[in-house]
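Below is one structure, written out as structure tokens; comments come after it.
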Amino acid sequence: PEPADYASLTRFYGNRIKPFLRDPRNTREPLAKTLNAAVLFDQVRKEISLKIHEDLAELARTCDESRTMARQERLHHWLHVWMLVHLGLAMGMIALIPIHVFLALYF
């Protein structure tokens, strides 16, 4: 491929991919949403030579992996938050069992 073939791809990389890969957790990035990313990659695919479609596909896979990892990080965070809430509520219920037993037997 000629260097001129990479002009659109280089511009897309600098303007969209690189900022997204720096912080894939930033949901304001256009590539953070799967549908937006598909549209953007399709637009670039139309602009570039067939010779470098595989390079673009590799960049798309890299963005997909980063998006997936960012989503897993968010879910992991909320899982830990829920675990703390659940544990606190469970301990509270266990602490109230003796009171419940006493009141059930007394009345």
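Chain lettering (A, B, ...) mirrors the order of the structure tokens, residue numbering begins at 1 for each chain separately, and ligand numbering begins at 1 in order of display.
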
Counting only C-alpha atoms, what is within 12 Å of A:Asp55, bar same-chain residues fewer than 2 positions away, as a ChimeraX atom specification?
/A:1,5-6,9-10,13,41,44-45,48-53,57-62

Keeping only N, CA, C and O atoms, take the residues you just selected and write them out as a PDB file, in the first residue's frame.
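Okay, this is what ended up in selection_9.pdb:
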ATOM      1  N   PRO A   1       0.827  -1.206   0.000  1.00  0.00           N
ATOM      2  CA  PRO A   1       0.000   0.000   0.000  1.00  0.00           C
ATOM      3  C   PRO A   1       0.862   1.258   0.000  1.00  0.00           C
ATOM      4  O   PRO A   1       1.896   1.319   0.626  1.00  0.00           O
ATOM      5  N   ASP A   5      -2.573   5.893   0.657  1.00  0.00           N
ATOM      6  CA  ASP A   5      -3.699   5.029   1.016  1.00  0.00           C
ATOM      7  C   ASP A   5      -4.050   5.148   2.499  1.00  0.00           C
ATOM      8  O   ASP A   5      -5.175   4.887   2.902  1.00  0.00           O
ATOM      9  N   TYR A   6      -3.065   5.521   3.289  1.00  0.00           N
ATOM     10  CA  TYR A   6      -3.254   5.567   4.739  1.00  0.00           C
ATOM     11  C   TYR A   6      -3.708   6.936   5.254  1.00  0.00           C
ATOM     12  O   TYR A   6      -3.895   7.099   6.451  1.00  0.00           O
ATOM     13  N   LEU A   9      -7.055   6.779   7.051  1.00  0.00           N
ATOM     14  CA  LEU A   9      -6.907   5.914   8.217  1.00  0.00           C
ATOM     15  C   LEU A   9      -6.075   6.600   9.300  1.00  0.00           C
ATOM     16  O   LEU A   9      -6.420   6.540  10.491  1.00  0.00           O
ATOM     17  N   THR A  10      -5.030   7.269   8.909  1.00  0.00           N
ATOM     18  CA  THR A  10      -4.183   7.986   9.869  1.00  0.00           C
ATOM     19  C   THR A  10      -4.962   9.110  10.542  1.00  0.00           C
ATOM     20  O   THR A  10      -4.871   9.293  11.759  1.00  0.00           O
ATOM     21  N   TYR A  13      -7.422   7.538  12.914  1.00  0.00           N
ATOM     22  CA  TYR A  13      -6.701   7.043  14.093  1.00  0.00           C
ATOM     23  C   TYR A  13      -6.384   8.184  15.057  1.00  0.00           C
ATOM     24  O   TYR A  13      -6.628   8.079  16.261  1.00  0.00           O
ATOM     25  N   PHE A  41     -16.549   3.315  11.611  1.00  0.00           N
ATOM     26  CA  PHE A  41     -15.642   2.420  10.891  1.00  0.00           C
ATOM     27  C   PHE A  41     -16.143   2.158   9.471  1.00  0.00           C
ATOM     28  O   PHE A  41     -15.347   2.040   8.540  1.00  0.00           O
ATOM     29  N   VAL A  44     -15.148   5.152   7.307  1.00  0.00           N
ATOM     30  CA  VAL A  44     -13.724   5.130   6.954  1.00  0.00           C
ATOM     31  C   VAL A  44     -13.455   4.015   5.945  1.00  0.00           C
ATOM     32  O   VAL A  44     -12.665   4.196   5.010  1.00  0.00           O
ATOM     33  N   ARG A  45     -14.108   2.882   6.121  1.00  0.00           N
ATOM     34  CA  ARG A  45     -13.926   1.758   5.197  1.00  0.00           C
ATOM     35  C   ARG A  45     -14.238   2.169   3.757  1.00  0.00           C
ATOM     36  O   ARG A  45     -13.584   1.743   2.811  1.00  0.00           O
ATOM     37  N   ILE A  48     -11.165   4.359   2.307  1.00  0.00           N
ATOM     38  CA  ILE A  48      -9.809   3.827   2.162  1.00  0.00           C
ATOM     39  C   ILE A  48      -9.743   2.766   1.074  1.00  0.00           C
ATOM     40  O   ILE A  48     -10.749   2.225   0.638  1.00  0.00           O
ATOM     41  N   SER A  49      -8.538   2.471   0.680  1.00  0.00           N
ATOM     42  CA  SER A  49      -8.278   1.473  -0.346  1.00  0.00           C
ATOM     43  C   SER A  49      -8.552   0.072   0.210  1.00  0.00           C
ATOM     44  O   SER A  49      -8.409  -0.185   1.406  1.00  0.00           O
ATOM     45  N   LEU A  50      -8.932  -0.837  -0.671  1.00  0.00           N
ATOM     46  CA  LEU A  50      -9.194  -2.231  -0.267  1.00  0.00           C
ATOM     47  C   LEU A  50      -7.956  -2.893   0.335  1.00  0.00           C
ATOM     48  O   LEU A  50      -8.073  -3.814   1.139  1.00  0.00           O
ATOM     49  N   LYS A  51      -6.790  -2.395  -0.034  1.00  0.00           N
ATOM     50  CA  LYS A  51      -5.533  -2.986   0.433  1.00  0.00           C
ATOM     51  C   LYS A  51      -5.368  -2.876   1.945  1.00  0.00           C
ATOM     52  O   LYS A  51      -4.672  -3.690   2.541  1.00  0.00           O
ATOM     53  N   ILE A  52      -5.989  -1.883   2.540  1.00  0.00           N
ATOM     54  CA  ILE A  52      -5.775  -1.669   3.984  1.00  0.00           C
ATOM     55  C   ILE A  52      -7.043  -1.903   4.809  1.00  0.00           C
ATOM     56  O   ILE A  52      -7.103  -1.522   5.975  1.00  0.00           O
ATOM     57  N   HIS A  53      -8.001  -2.586   4.250  1.00  0.00           N
ATOM     58  CA  HIS A  53      -9.213  -2.913   5.013  1.00  0.00           C
ATOM     59  C   HIS A  53      -8.894  -3.808   6.208  1.00  0.00           C
ATOM     60  O   HIS A  53      -9.518  -3.691   7.257  1.00  0.00           O
ATOM     61  N   ALA A  57      -9.792  -3.301  10.070  1.00  0.00           N
ATOM     62  CA  ALA A  57     -10.495  -4.341  10.832  1.00  0.00           C
ATOM     63  C   ALA A  57      -9.754  -4.653  12.125  1.00  0.00           C
ATOM     64  O   ALA A  57     -10.384  -4.869  13.174  1.00  0.00           O
ATOM     65  N   GLU A  58      -8.432  -4.648  12.067  1.00  0.00           N
ATOM     66  CA  GLU A  58      -7.635  -4.899  13.282  1.00  0.00           C
ATOM     67  C   GLU A  58      -7.836  -3.770  14.293  1.00  0.00           C
ATOM     68  O   GLU A  58      -7.966  -4.012  15.499  1.00  0.00           O
ATOM     69  N   LEU A  59      -7.870  -2.541  13.810  1.00  0.00           N
ATOM     70  CA  LEU A  59      -8.135  -1.412  14.712  1.00  0.00           C
ATOM     71  C   LEU A  59      -9.547  -1.504  15.302  1.00  0.00           C
ATOM     72  O   LEU A  59      -9.752  -1.198  16.482  1.00  0.00           O
ATOM     73  N   ALA A  60     -10.507  -1.936  14.508  1.00  0.00           N
ATOM     74  CA  ALA A  60     -11.880  -2.103  15.003  1.00  0.00           C
ATOM     75  C   ALA A  60     -11.923  -3.167  16.088  1.00  0.00           C
ATOM     76  O   ALA A  60     -12.598  -2.998  17.112  1.00  0.00           O
ATOM     77  N   ARG A  61     -11.190  -4.267  15.893  1.00  0.00           N
ATOM     78  CA  ARG A  61     -11.145  -5.326  16.924  1.00  0.00           C
ATOM     79  C   ARG A  61     -10.505  -4.809  18.199  1.00  0.00           C
ATOM     80  O   ARG A  61     -10.976  -5.110  19.308  1.00  0.00           O
ATOM     81  N   THR A  62      -9.460  -4.007  18.068  1.00  0.00           N
ATOM     82  CA  THR A  62      -8.804  -3.440  19.242  1.00  0.00           C
ATOM     83  C   THR A  62      -9.769  -2.536  20.008  1.00  0.00           C
ATOM     84  O   THR A  62      -9.844  -2.597  21.238  1.00  0.00           O
TER      85      THR A  62
END

Could you give me, as a PyMOL selection string, the residues within 12 Å of A:Phe20, counting only C-alpha atoms and dropping anything in the same chain fewer than 5 positions from it?
chain A and resi 12-15+25-33+37+59-60+62-67+70

Looking only at alpha helix (DSSP H) from DSSP on the backbone, list the matching residues of stretch 42-71 of chain A as number ranges by chain.
A: 42-47, 53-71

Please produce a file of the residues just selected, as a compact mmCIF listing (two decimals), in the first residue's frame, where the atoms kept are C-alpha atoms.
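Here's the written file out-v8.txt:
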# COMPACT_ATOMS: atom_id res chain seq x y z
CA ASP A 42 -18.00 1.90 7.93
CA GLN A 43 -17.49 5.52 6.86
CA VAL A 44 -13.72 5.13 6.95
CA ARG A 45 -13.93 1.76 5.20
CA LYS A 46 -15.59 3.52 2.26
CA GLU A 47 -12.83 6.13 2.10
CA HIS A 53 -9.21 -2.91 5.01
CA GLU A 54 -7.56 -5.59 7.15
CA ASP A 55 -5.61 -2.90 9.02
CA LEU A 56 -8.87 -1.08 9.71
CA ALA A 57 -10.50 -4.34 10.83
CA GLU A 58 -7.64 -4.90 13.28
CA LEU A 59 -8.14 -1.41 14.71
CA ALA A 60 -11.88 -2.10 15.00
CA ARG A 61 -11.14 -5.33 16.92
CA THR A 62 -8.80 -3.44 19.24
CA CYS A 63 -11.50 -0.85 19.93
CA ASP A 64 -14.07 -3.60 20.53
CA GLU A 65 -11.78 -5.28 23.05
CA SER A 66 -11.15 -1.98 24.85
CA ARG A 67 -14.89 -1.24 24.92
CA THR A 68 -15.57 -4.72 26.31
CA MET A 69 -12.89 -4.37 28.98
CA ALA A 70 -14.21 -0.95 30.01
CA ARG A 71 -17.72 -2.39 30.32

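When only C-alpha atoms are used to compute distances to A:Arg16, the closest of the residues A:Leu103, A:Leu79, A:Leu89, A:Leu40 turns out to be A:Leu40.
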